[in-house]
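Just below is one structure, and these are the notes that go with it.
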Amino acid sequence: MSCIPCVAEGEGASIPLEDFDRWTDSLYHVLESRDARRYFREFLSSRGLEESEGTLEFWERCEVLSRSQQHHKHNPHAGHNRSAHISNMRFLKDARDLVAFAEDKVNLDLAALRAMFEAVESGKEDKIKAVVREGMQSAAELLQDDYQLFRKHLLKQRGLVGGENCK
């Protein structure tokens with residue numbers, strides 16, 4: 001992979017061009033990449049944007065919970081054994097922890113928090129899965145303004161804004 005050669009310093013200069021193009025194209029590309037999320041988190045931390053850091057952590061927790069749920073759902077014998085029950089109990093605990101984290105650290109609206117709480121209390125996996133996806137979407141919307149700052153930061157480090165364009 002090649003990197004844009006016109007800037008030799010700064011964290012943005014060390015990002016491969018292919019990744020740089022994706023990360024400056026869309027917040028969703030940042031959220032899909034562990035490395036991009038790390039850069040984004042470092043950016044948020046360096047700016048003292050603690051609430052946004054919490055929102056990013058919430059998104060990541062939703063992703064983990066969503067993935068663990070998909071694995072459980074695809075096991076055709078999952079409901080018939082003790083380990084499946086333990087797995088389900090762990091999933092419900094993680095879902096409750098996610099709701100508590102959201103209440104404490106994320107600026108979700110009251111209706112979204114209530115929907116999450118009700119889904120978890122219902123214990124219905126499909127319902128929980130649906131509100132987790134909605135939670136991820138809400139978190140992404142909350143991060144959009146900070147992403148635009150992050151994007152401009154990366155572009156500026158590459159000399160692609162605020163100066164001569166070297167592409």
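Chains: A, B, ... in order of the structure tokens. Residues: from 1 per chain. Ligands: from 1, in order shown.
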
Which residues of region 124-154 of chain A come within 10 Å of region 102-114 of chain A, and for each one, what is the closest pair of atoms and their distance in Å to one decimal, counting only C-alpha atoms, sorted by chain and residue number, as a tab-separated table?
residue	atom	partner	partner_atom	distance
A:Val131	CA	A:Ala112	CA	8.2
A:Glu134	CA	A:Ala112	CA	8.2
A:Gly135	CA	A:Ala112	CA	7.5
A:Ser138	CA	A:Leu108	CA	7.2
A:Ala139	CA	A:Leu108	CA	7.8
A:Leu142	CA	A:Asn107	CA	7.9

query: Which residue, A:Ser68, A:Ser87, A:Ser122, A:Ser45, has the smallest gap to Asp146 (chain A) when you use only C-alpha atoms?
result: A:Ser45

message: Under the rule that only C-alpha atoms are counted, which of A:Val64, A:Ala100, A:Ala130, A:Leu149 is the nearest residue to Phe117 (chain A)?
response: A:Ala100

message: Just want the 12 Å neighbourhood of Met136 (chain A), counted on only C-alpha atoms, with same-chain residues fewer than 4 positions away dropped. Output as a PyMOL selection string.
response: chain A and resi 28+31-32+55-66+98+102+106+108+112+116+129-132+140-143
